[in-house]
Structure formats: C-alpha cells, structure tokens
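A.B. asks: Sharing a structure with you now.
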2 protein chains.
Amino acid sequence: MATGRNHRPATRSRGIPEATVARLPLYLRALTALSERSVPTVSSEELASAAGVNSAKLRKDFSYLGSYGTRGVGYDVEYLVYQISRELGLTQDWPVVIVGIGNLGAALANYGGFASRGFRVAALIDADPSMTGKQVAGIAVQHVDDLETIIDTNGVSIGVITTPGGAAQQVCDRLVAAGVTSILNFAPTVLSVPDGVDVRKVDLSIELQILAFHEQRKAADALSGAAAPGPAAPAGDRGEQGPDGDIPAVMPA
Amino acid sequence: MATGRNHRPATRSRGIPEATVARLPLYLRALTALSERSVPTVSSEELASAAGVNSAKLRKDFSYLGSYGTRGVGYDVEYLVYQISRELGLTQDWPVVIVGIGNLGAALANYGGFASRGFRVAALIDADPSMTGKQVAGIAVQHVDDLETIIDTNGVSIGVITTPGGAAQQVCDRLVAAGVTSILNFAPTVLSVPDGVDVRKVDLSIELQILAFHEQRKAADALSGAAAPGPAAPAGDRGEQGPDGDIPAVMPA
DNA sequence: TCTTGTGAACTTGTTCACAGCT
DNA sequence: AGCTGTGAACAAGTTCACAAGA
C-alpha cells in the first residue's frame, strides 16, 4: 500500500514505516488500558497479545521510535504512552469538521472516542437548510455555505466526509481550497486531491465484500477438503488481526 | 492486517493475493458505474484512473483472475463485472446481522450500499429490552437473547458488531458459537476468535490518529523546509488512493 | 536468567518494461 | 498501432533467531 507521502520525498532521515504508523494507535489503546489499571511495566509479549499482533513485530515497530524498553524487564507503560502520543501528534489538539450530518455523521459526532485522544469536533456541516441550527451531540449544525469561514476561524486541518457519494468530491474540493490537508472519507467515492493532501477511506461495503470473498472460499474448502475437521470452528488458537495488515489504507494525494 | 485466514494453510492452488482481493471491490464499483452509463469496453488505463490505482497494478490484479481482456482493445465491462462479482462471492445472497443498534448500528442498517451488492440485513439485534420491537430502517429490532435462533434460522455467516467495546468480545463469542465465521468489528476492541473465523476491524479513532501523524509531519516539514512552495497545496497532480493499501476503517460505538 | 533490539532471511506487494496478441 | 499479460527487478513488510544488556 502506499500511504501517500508524496511531499518532500527526500530528506527524511527518521522515516517510520507506514505499516508501523498504522499500528501505533493500536499499541496506544492497549497501553492506555494498562495505564488505567495502573500497570507500571509490560513486556513485548504481553503488550503484543493485548494489541493482537506478534511480539517480534511490536519490538521492531518500537525500534523505529527509539530504544524505550529495558532488557530483561520490558517497557514502562506511562513513558511509552507519552512517546507514542507524541509521535502520533496527539499531544496537541486537532479540531475536526464533519461534513454531512446524516445517520453516519451523527453517529460519528456522538462517538466519544473522539475527544479522548486529541480530537475535537469543531463543527458539524450539512447542505440541508432544514438541518441548520439543529443540535447533534450538543453541537449546532451549520450550513455548508459557511464551510470556508468555519475552517478558517477554527484552524481546521482535518475533515471528515460523510455525505452521499455524489457530493463528496465537491465537498472535498472546498475543504482543500479552504486549507484542509487531511481527509477521512466515508463516502463510496474515489476522491481526487492535490499533492500534499492525505486521504484515508473507510468503506463498509468494501469490507463486507472482502469478508464475502473469504467466506466463499471457506465454503469451497469445506466441500472439496475431504474429511472436514469438525463443524465450523476447530477451536484452534486465537488469530491475530491487524488494522492494516491487509488492506492498506490510505492514500496519497 | 492479517485477515485471519488460518484454516487450511496449504493446498491453495489459485491463491489470489490479499492485496488484490482488497482492491477488487474498488474495481467493481468503478465498473458498475461504467456499466450504468452503458460503456461497453474500458482500457486498463481508464479503469485504473477511475478506481484510483495505477494501470500496471490493475493489470497484474486481473491477471490473477485469468485473462479477461483483449489486447489492443481493453476489457469488456459487463463480463468483468460478472467475473469479479463471482470471484468475490457476490453472485449469492449474504444474510448479515448487525448487533448493537446505537447510532452507528442504525446508520449501517440504513446504509443503502448494503442491499445493492449481495448483502441483506437479516436482523438487527440489541441488548436493550426497550429497543426490542422498534423499527429501524424498516426492520424490527430483536433482543440479544434470541441471537442464536436468529443466526440459525437465517443461515447467517457474517456478523457486524457495533456494540460498545465492553460488550464486543461477548457478542463475538456468541456469534461464533452460533456459526458465524466472518465478523466486521466496529468496536474499539481486539477480538479473540478461533481459527477459521475472519475478523475485519474498522476503527475511526485509529484512522484519525494516522491522519494526525501525517498532519504533524507536514507541519514539521513546512517549518524545516526552507522555501515553502506555496500556501497549503501546490496543486499538483491527482494521486492514487487505496482501499487497502493501508488501513481499513471504521469505528466504535 | 529474562527480555529487548536488530541484522539477516524471507514473504508479500509494487513497478517496470516489453513480448505477444488483436 | 495499441493494449494486455507477465517475467524480472525492486520495495516494503514480516519473521527468525540471537547477541547484548539489565
């Protein structure tokens, strides 16, 4: 996958692999949970298991950040939380706008995990005049006519698009023109953006189609494979699941 | 990520790379749009551009499916739509259950893209008794007590979890025990599943954190890099964006 | 003795560039 | 002449396995 990092291609001394960046939030979540339970220290094995990856990968990932562990002991939880937060840029506050306040937009606005990690919903924007002024998650919806002003006065650099597919490119263009340089796109559309703008795409129907592919293959395997080991699940060991792993996800601008 | 495909590791003759599988839905969407405009044939260059990937990758991807193009001409749109649909298992109907009918669950239930491509919402399930019987997207919500019966009578093999994080593992265990073998998890939790069960995770807060990382780096680059090329976007060419490529995505309830 | 940190091997994915077919 | 299909080069990511250090 190629997460688009097209700007300034050279001069990157301490480049952290994209796959690693994609896992840092996962580690951070696991570490935060440990921190809340006042666990002082954790081994790569334990943390890896909590994050659903294997320990060699985790150690390699951390090695790109520096040497924050202690041999024979493990990692200091609080210290690691801080280092990863800093690396991800979560020690600062990121104002975010959500454009398109339908079912999904409202769901995201109500999502608590937002505020918890450096993100703040600065504004909700919708094109429907009848939505203007309505309170969603305690925030008044504003009309899309004011998009540029909202972006500007709030210093927003991250936008979330939850409009229907047909409106997404247009909204995207306006966001970018107004100064937004990172976009999380929930609309089922491929967005065109200028160089230097990052787009990440979240697409439910694509996820389901990928599951269907594997599901179909399991069914085929069950038919062809002679002696089926058991009903559905042989109850083997627990598998790993990655945020990325497979599908990559982002994209370059 | 590693989409857990732990079952039957060997004996896979016609293995399609995971990265390719992740892009097939993207091609399918672009092809469907062409089909609706009655475009009979398309070149790898055109289709790649519509899907937001480069043409060499697209041709390589299609080569894993077989030789469905015509040299000097391109690909027959209708034929390709059929072949990809078949490969993804979308020529059959997949009943899906959504567990956890909060904001997000309701948003997904209302999502039109579901039915359009082989997926059918067979049931909505929630643990809150006051939700039972309520209509969401034209479907009556059922109580989680009946989960096993619902899975069984509808022959469901794909489940979507949109519960709060705390309930996700428990719901997952019951889904798996009832026979579900593919799970799309929106809860901010790493799910443990037996071998043979696929889990895909969509996590909004992770997506935002990845964007924040890149955003932070752009800011750092702008400071260090002497002459800034322009305001925000140099208005370069249009980049590619992958579904997978990197991380997938949605989120927690 | 225990666990990190990492070179090296390996696997997966991407891009190139061109032969081969229409 | 044009575009697909693909071997081969390349790049990214993962896993192994063990030396180094606490």
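Residue names in the structure tokens use chain letters A, B, ... in the order shown, residue numbers from 1 in each chain, and ligand numbers from 1 in the order shown.
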Considering only C-alpha atoms (C1' of nucleotides), extract the chain B residues located within 8 Å of chain C and return them as a PyMOL selection string.
C.D. replies: chain B and resi 19+56-57+70-73
A.B. asks: Take the residues just selected and output them with all heavy atoms as an mmCIF file, in the first residue's frame.
C.D. replies:
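Output contents, as saved in again-v5.cif:
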```
data_model
loop_
_atom_site.group_PDB
_atom_site.id
_atom_site.type_symbol
_atom_site.label_atom_id
_atom_site.label_comp_id
_atom_site.auth_asym_id
_atom_site.auth_seq_id
_atom_site.Cartn_x
_atom_site.Cartn_y
_atom_site.Cartn_z
ATOM 1 N N ALA B 19 -3.835 -8.404 -1.082
ATOM 2 C CA ALA B 19 -3.873 -7.003 -1.527
ATOM 3 C C ALA B 19 -4.755 -6.856 -2.768
ATOM 4 O O ALA B 19 -5.427 -5.852 -2.950
ATOM 5 C CB ALA B 19 -2.462 -6.504 -1.824
ATOM 6 N N ALA B 56 -0.640 -0.598 -14.129
ATOM 7 C CA ALA B 56 0.153 -1.829 -14.048
ATOM 8 C C ALA B 56 -0.380 -2.715 -12.925
ATOM 9 O O ALA B 56 -0.514 -3.932 -13.059
ATOM 10 C CB ALA B 56 1.625 -1.502 -13.804
ATOM 11 N N LYS B 57 -0.718 -2.085 -11.833
ATOM 12 C CA LYS B 57 -1.237 -2.829 -10.691
ATOM 13 C C LYS B 57 -2.566 -3.480 -11.053
ATOM 14 O O LYS B 57 -2.809 -4.645 -10.746
ATOM 15 C CB LYS B 57 -1.422 -1.858 -9.519
ATOM 16 C CG LYS B 57 -1.534 -2.528 -8.172
ATOM 17 C CD LYS B 57 -1.900 -1.534 -7.084
ATOM 18 C CE LYS B 57 -0.729 -0.677 -6.665
ATOM 19 N NZ LYS B 57 -1.076 0.232 -5.547
ATOM 20 N N THR B 70 -8.846 -8.050 -23.822
ATOM 21 C CA THR B 70 -8.496 -8.280 -25.213
ATOM 22 C C THR B 70 -7.398 -7.302 -25.601
ATOM 23 O O THR B 70 -7.566 -6.088 -25.486
ATOM 24 C CB THR B 70 -9.715 -8.027 -26.136
ATOM 25 O OG1 THR B 70 -10.813 -8.788 -25.668
ATOM 26 C CG2 THR B 70 -9.390 -8.420 -27.560
ATOM 27 N N ARG B 71 -6.272 -7.835 -26.009
ATOM 28 C CA ARG B 71 -5.130 -6.971 -26.340
ATOM 29 C C ARG B 71 -5.482 -6.021 -27.466
ATOM 30 O O ARG B 71 -6.161 -6.400 -28.411
ATOM 31 C CB ARG B 71 -3.932 -7.832 -26.728
ATOM 32 C CG ARG B 71 -3.416 -8.626 -25.553
ATOM 33 C CD ARG B 71 -2.377 -9.652 -25.979
ATOM 34 N NE ARG B 71 -2.263 -10.678 -24.968
ATOM 35 C CZ ARG B 71 -1.117 -11.018 -24.375
ATOM 36 N NH1 ARG B 71 0.000 -10.416 -24.697
ATOM 37 N NH2 ARG B 71 -1.103 -11.954 -23.471
ATOM 38 N N GLY B 72 -5.041 -4.823 -27.325
ATOM 39 C CA GLY B 72 -5.336 -3.809 -28.334
ATOM 40 C C GLY B 72 -6.692 -3.160 -28.136
ATOM 41 O O GLY B 72 -6.994 -2.136 -28.729
ATOM 42 N N VAL B 73 -7.524 -3.747 -27.260
ATOM 43 C CA VAL B 73 -8.877 -3.222 -27.069
ATOM 44 C C VAL B 73 -9.133 -2.795 -25.624
ATOM 45 O O VAL B 73 -9.398 -1.638 -25.338
ATOM 46 C CB VAL B 73 -9.937 -4.279 -27.476
ATOM 47 C CG1 VAL B 73 -11.341 -3.747 -27.258
ATOM 48 C CG2 VAL B 73 -9.721 -4.679 -28.932
#
```
A.B. asks: Write out as a ChimeraX atom specification each polymer residue whose atoms come within 12 Å of Trp94 of chain A, counting only C-alpha atoms (C1' of nucleotides); drop sequence neighbours fewer than 6 positions from it.
C.D. replies: /A:88,114-122,154-159,180,182 /B:208-209,211-213,215-216
A.B. asks: Take the residues from that selection and write them out as a JSON list (two decimals), in the first residue's frame, keeping N, CA and C atoms.
C.D. replies:
```
[["chain", "number", "residue", "atom", "x", "y", "z"],
["A", 88, "LEU", "N", 2.57, 10.36, 17.37],
["A", 88, "LEU", "CA", 1.35, 10.46, 16.56],
["A", 88, "LEU", "C", 0.81, 11.88, 16.50],
["A", 114, "PHE", "N", -13.65, 10.26, 20.17],
["A", 114, "PHE", "CA", -13.10, 11.44, 19.54],
["A", 114, "PHE", "C", -12.28, 12.28, 20.51],
["A", 115, "ALA", "N", -13.00, 12.83, 21.44],
["A", 115, "ALA", "CA", -12.40, 13.77, 22.37],
["A", 115, "ALA", "C", -11.28, 13.14, 23.18],
["A", 116, "SER", "N", -11.43, 11.88, 23.47],
["A", 116, "SER", "CA", -10.48, 11.22, 24.36],
["A", 116, "SER", "C", -9.04, 11.28, 23.86],
["A", 117, "ARG", "N", -8.85, 11.40, 22.58],
["A", 117, "ARG", "CA", -7.49, 11.33, 22.08],
["A", 117, "ARG", "C", -7.08, 12.50, 21.20],
["A", 118, "GLY", "N", -7.21, 13.69, 21.71],
["A", 118, "GLY", "CA", -6.68, 14.83, 20.98],
["A", 118, "GLY", "C", -7.54, 15.39, 19.87],
["A", 119, "PHE", "N", -8.69, 14.75, 19.61],
["A", 119, "PHE", "CA", -9.53, 15.27, 18.54],
["A", 119, "PHE", "C", -10.75, 15.98, 19.13],
["A", 120, "ARG", "N", -11.16, 17.05, 18.50],
["A", 120, "ARG", "CA", -12.29, 17.83, 18.97],
["A", 120, "ARG", "C", -13.18, 18.15, 17.78],
["A", 121, "VAL", "N", -14.45, 17.86, 17.89],
["A", 121, "VAL", "CA", -15.37, 18.18, 16.81],
["A", 121, "VAL", "C", -15.62, 19.67, 16.84],
["A", 122, "ALA", "N", -15.01, 20.38, 15.91],
["A", 122, "ALA", "CA", -15.10, 21.84, 15.90],
["A", 122, "ALA", "C", -16.41, 22.30, 15.26],
["A", 154, "ASN", "N", -11.63, 28.27, 12.78],
["A", 154, "ASN", "CA", -11.28, 27.23, 13.74],
["A", 154, "ASN", "C", -9.91, 26.62, 13.50],
["A", 155, "GLY", "N", -9.26, 27.03, 12.43],
["A", 155, "GLY", "CA", -7.95, 26.47, 12.13],
["A", 155, "GLY", "C", -7.99, 24.97, 11.89],
["A", 156, "VAL", "N", -9.02, 24.52, 11.19],
["A", 156, "VAL", "CA", -9.21, 23.09, 10.96],
["A", 156, "VAL", "C", -8.29, 22.57, 9.86],
["A", 157, "SER", "N", -7.61, 21.46, 10.11],
["A", 157, "SER", "CA", -6.81, 20.86, 9.04],
["A", 157, "SER", "C", -7.24, 19.43, 8.72],
["A", 158, "ILE", "N", -8.18, 18.90, 9.52],
["A", 158, "ILE", "CA", -8.68, 17.54, 9.27],
["A", 158, "ILE", "C", -10.19, 17.59, 9.06],
["A", 159, "GLY", "N", -10.64, 17.03, 7.94],
["A", 159, "GLY", "CA", -12.06, 16.99, 7.64],
["A", 159, "GLY", "C", -12.56, 15.57, 7.48],
["A", 180, "VAL", "N", -7.86, 22.53, 4.38],
["A", 180, "VAL", "CA", -7.80, 21.20, 4.99],
["A", 180, "VAL", "C", -6.78, 20.34, 4.24],
["A", 182, "SER", "N", -5.93, 16.96, 5.46],
["A", 182, "SER", "CA", -6.15, 15.54, 5.75],
["A", 182, "SER", "C", -7.64, 15.26, 5.73],
["B", 208, "LEU", "N", -8.15, 8.47, 12.37],
["B", 208, "LEU", "CA", -7.84, 9.87, 12.67],
["B", 208, "LEU", "C", -6.43, 10.01, 13.21],
["B", 209, "GLN", "N", -6.01, 9.06, 14.01],
["B", 209, "GLN", "CA", -4.67, 9.15, 14.57],
["B", 209, "GLN", "C", -3.60, 9.03, 13.49],
["B", 211, "LEU", "N", -4.03, 9.97, 10.40],
["B", 211, "LEU", "CA", -4.05, 11.26, 9.72],
["B", 211, "LEU", "C", -3.28, 12.31, 10.53],
["B", 212, "ALA", "N", -3.48, 12.28, 11.84],
["B", 212, "ALA", "CA", -2.80, 13.26, 12.69],
["B", 212, "ALA", "C", -1.28, 13.12, 12.57],
["B", 213, "PHE", "N", -0.82, 11.88, 12.49],
["B", 213, "PHE", "CA", 0.61, 11.65, 12.33],
["B", 213, "PHE", "C", 1.14, 12.35, 11.08],
["B", 215, "GLU", "N", -0.32, 14.68, 9.39],
["B", 215, "GLU", "CA", -0.58, 16.11, 9.50],
["B", 215, "GLU", "C", 0.55, 16.78, 10.28],
["B", 216, "GLN", "N", 0.92, 16.16, 11.35],
["B", 216, "GLN", "CA", 2.00, 16.68, 12.18],
["B", 216, "GLN", "C", 3.30, 16.76, 11.38]]
```
A.B. asks: Pull out every residue of chain B that has at least one atom within 12 Å of chain D, counting only C-alpha atoms (C1' of nucleotides), and report them as number ranges by chain.
C.D. replies: B: 1-2, 42-46, 55-75, 245-246
A.B. asks: Those same residues - N, CA and C atoms - I'd like them written as a PDB file, in the first residue's frame.
C.D. replies:
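Once written, part_16.pdb looks like this:
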```pdb
ATOM      1  N   MET B   1      -3.216  -5.883   7.544  1.00  0.00           N
ATOM      2  CA  MET B   1      -3.632  -6.688   8.591  1.00  0.00           C
ATOM      3  C   MET B   1      -3.631  -7.993   8.195  1.00  0.00           C
ATOM      4  N   ALA B   2      -3.727  -8.745   8.950  1.00  0.00           N
ATOM      5  CA  ALA B   2      -3.722 -10.032   8.544  1.00  0.00           C
ATOM      6  C   ALA B   2      -5.084 -10.442   8.683  1.00  0.00           C
ATOM      7  N   VAL B  42     -13.466  -0.960 -21.671  1.00  0.00           N
ATOM      8  CA  VAL B  42     -12.631   0.009 -20.969  1.00  0.00           C
ATOM      9  C   VAL B  42     -11.178  -0.467 -20.960  1.00  0.00           C
ATOM     10  N   SER B  43     -10.239   0.467 -21.057  1.00  0.00           N
ATOM     11  CA  SER B  43      -8.824   0.086 -21.030  1.00  0.00           C
ATOM     12  C   SER B  43      -8.333   0.070 -19.592  1.00  0.00           C
ATOM     13  N   SER B  44      -7.207  -0.595 -19.366  1.00  0.00           N
ATOM     14  CA  SER B  44      -6.669  -0.675 -18.013  1.00  0.00           C
ATOM     15  C   SER B  44      -6.343   0.720 -17.491  1.00  0.00           C
ATOM     16  N   GLU B  45      -5.924   1.579 -18.411  1.00  0.00           N
ATOM     17  CA  GLU B  45      -5.578   2.947 -18.018  1.00  0.00           C
ATOM     18  C   GLU B  45      -6.793   3.715 -17.503  1.00  0.00           C
ATOM     19  N   GLU B  46      -7.876   3.619 -18.250  1.00  0.00           N
ATOM     20  CA  GLU B  46      -9.105   4.334 -17.868  1.00  0.00           C
ATOM     21  C   GLU B  46      -9.678   3.791 -16.556  1.00  0.00           C
ATOM     22  N   SER B  55      -2.238   1.638 -13.575  1.00  0.00           N
ATOM     23  CA  SER B  55      -2.695   0.617 -14.518  1.00  0.00           C
ATOM     24  C   SER B  55      -1.912  -0.685 -14.457  1.00  0.00           C
ATOM     25  N   ALA B  56      -0.640  -0.598 -14.129  1.00  0.00           N
ATOM     26  CA  ALA B  56       0.153  -1.829 -14.048  1.00  0.00           C
ATOM     27  C   ALA B  56      -0.380  -2.715 -12.925  1.00  0.00           C
ATOM     28  N   LYS B  57      -0.718  -2.085 -11.833  1.00  0.00           N
ATOM     29  CA  LYS B  57      -1.237  -2.829 -10.691  1.00  0.00           C
ATOM     30  C   LYS B  57      -2.566  -3.480 -11.053  1.00  0.00           C
ATOM     31  N   LEU B  58      -3.391  -2.717 -11.721  1.00  0.00           N
ATOM     32  CA  LEU B  58      -4.688  -3.245 -12.121  1.00  0.00           C
ATOM     33  C   LEU B  58      -4.543  -4.447 -13.049  1.00  0.00           C
ATOM     34  N   ARG B  59      -3.656  -4.323 -14.022  1.00  0.00           N
ATOM     35  CA  ARG B  59      -3.492  -5.447 -14.950  1.00  0.00           C
ATOM     36  C   ARG B  59      -2.955  -6.671 -14.222  1.00  0.00           C
ATOM     37  N   LYS B  60      -2.015  -6.434 -13.313  1.00  0.00           N
ATOM     38  CA  LYS B  60      -1.471  -7.539 -12.537  1.00  0.00           C
ATOM     39  C   LYS B  60      -2.573  -8.187 -11.697  1.00  0.00           C
ATOM     40  N   ASP B  61      -3.395  -7.355 -11.087  1.00  0.00           N
ATOM     41  CA  ASP B  61      -4.503  -7.877 -10.286  1.00  0.00           C
ATOM     42  C   ASP B  61      -5.407  -8.768 -11.142  1.00  0.00           C
ATOM     43  N   PHE B  62      -5.787  -8.258 -12.307  1.00  0.00           N
ATOM     44  CA  PHE B  62      -6.687  -9.021 -13.168  1.00  0.00           C
ATOM     45  C   PHE B  62      -6.034 -10.295 -13.664  1.00  0.00           C
ATOM     46  N   SER B  63      -4.716 -10.266 -13.780  1.00  0.00           N
ATOM     47  CA  SER B  63      -4.034 -11.461 -14.279  1.00  0.00           C
ATOM     48  C   SER B  63      -4.189 -12.632 -13.312  1.00  0.00           C
ATOM     49  N   TYR B  64      -4.426 -12.325 -12.036  1.00  0.00           N
ATOM     50  CA  TYR B  64      -4.620 -13.418 -11.076  1.00  0.00           C
ATOM     51  C   TYR B  64      -5.978 -14.076 -11.259  1.00  0.00           C
ATOM     52  N   LEU B  65      -6.906 -13.322 -11.858  1.00  0.00           N
ATOM     53  CA  LEU B  65      -8.244 -13.877 -12.068  1.00  0.00           C
ATOM     54  C   LEU B  65      -8.313 -14.690 -13.356  1.00  0.00           C
ATOM     55  N   GLY B  66      -7.399 -14.385 -14.251  1.00  0.00           N
ATOM     56  CA  GLY B  66      -7.425 -15.030 -15.562  1.00  0.00           C
ATOM     57  C   GLY B  66      -7.245 -13.966 -16.629  1.00  0.00           C
ATOM     58  N   SER B  67      -7.329 -14.363 -17.859  1.00  0.00           N
ATOM     59  CA  SER B  67      -7.159 -13.399 -18.947  1.00  0.00           C
ATOM     60  C   SER B  67      -8.508 -12.973 -19.487  1.00  0.00           C
ATOM     61  N   TYR B  68      -9.018 -11.887 -18.898  1.00  0.00           N
ATOM     62  CA  TYR B  68     -10.348 -11.459 -19.293  1.00  0.00           C
ATOM     63  C   TYR B  68     -10.344 -10.255 -20.233  1.00  0.00           C
ATOM     64  N   GLY B  69      -9.169  -9.796 -20.621  1.00  0.00           N
ATOM     65  CA  GLY B  69      -9.102  -8.641 -21.507  1.00  0.00           C
ATOM     66  C   GLY B  69      -8.801  -9.035 -22.944  1.00  0.00           C
ATOM     67  N   THR B  70      -8.846  -8.050 -23.822  1.00  0.00           N
ATOM     68  CA  THR B  70      -8.496  -8.280 -25.213  1.00  0.00           C
ATOM     69  C   THR B  70      -7.398  -7.302 -25.601  1.00  0.00           C
ATOM     70  N   ARG B  71      -6.272  -7.835 -26.009  1.00  0.00           N
ATOM     71  CA  ARG B  71      -5.130  -6.971 -26.340  1.00  0.00           C
ATOM     72  C   ARG B  71      -5.482  -6.021 -27.466  1.00  0.00           C
ATOM     73  N   GLY B  72      -5.041  -4.823 -27.325  1.00  0.00           N
ATOM     74  CA  GLY B  72      -5.336  -3.809 -28.334  1.00  0.00           C
ATOM     75  C   GLY B  72      -6.692  -3.160 -28.136  1.00  0.00           C
ATOM     76  N   VAL B  73      -7.524  -3.747 -27.260  1.00  0.00           N
ATOM     77  CA  VAL B  73      -8.877  -3.222 -27.069  1.00  0.00           C
ATOM     78  C   VAL B  73      -9.133  -2.795 -25.624  1.00  0.00           C
ATOM     79  N   GLY B  74      -9.045  -3.738 -24.723  1.00  0.00           N
ATOM     80  CA  GLY B  74      -9.341  -3.444 -23.326  1.00  0.00           C
ATOM     81  C   GLY B  74     -10.197  -4.550 -22.723  1.00  0.00           C
ATOM     82  N   TYR B  75     -10.988  -4.189 -21.732  1.00  0.00           N
ATOM     83  CA  TYR B  75     -11.826  -5.165 -21.047  1.00  0.00           C
ATOM     84  C   TYR B  75     -13.296  -4.924 -21.356  1.00  0.00           C
ATOM     85  N   GLY B 245      -4.671  -0.760   0.827  1.00  0.00           N
ATOM     86  CA  GLY B 245      -3.434  -0.309   0.928  1.00  0.00           C
ATOM     87  C   GLY B 245      -3.093  -0.202   2.263  1.00  0.00           C
ATOM     88  N   ASP B 246      -3.673   0.624   2.997  1.00  0.00           N
ATOM     89  CA  ASP B 246      -3.297   0.639   4.316  1.00  0.00           C
ATOM     90  C   ASP B 246      -4.331   0.206   5.217  1.00  0.00           C
TER      91      ASP B 246
END
```
A.B. asks: Going by DSSP on the backbone, which bits of segment 42-208 of chain B are strand (DSSP E or B)? Write them as a PyMOL selection string, please.
C.D. replies: chain B and resi 42+69-70+74-76+94-99+119-126+135-136+139-143+158-161+182-185+198-201
A.B. asks: Report the distance between atom CA of His143 of chain B and atom CA of Asn103 of chain A in Å, rounded to one decimal place.
C.D. replies: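 These two atoms are separated by 22.1 Å.
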A.B. asks: Within 10 Å of Thr189 of chain B, counting only C-alpha atoms (C1' of nucleotides), which residues qualify if same-chain residues fewer than 6 places away don't, as a VMD selection string?
C.D. replies: (chain A and resid 26 29 to 30 50 to 52) or (chain B and resid 164 to 169 201 203 251 to 252)
A.B. asks: One number please: atom CA of Glu87 of chain B to atom CA of Asp198 of chain B, in Å, one decimal.
C.D. replies: 17.6 Å
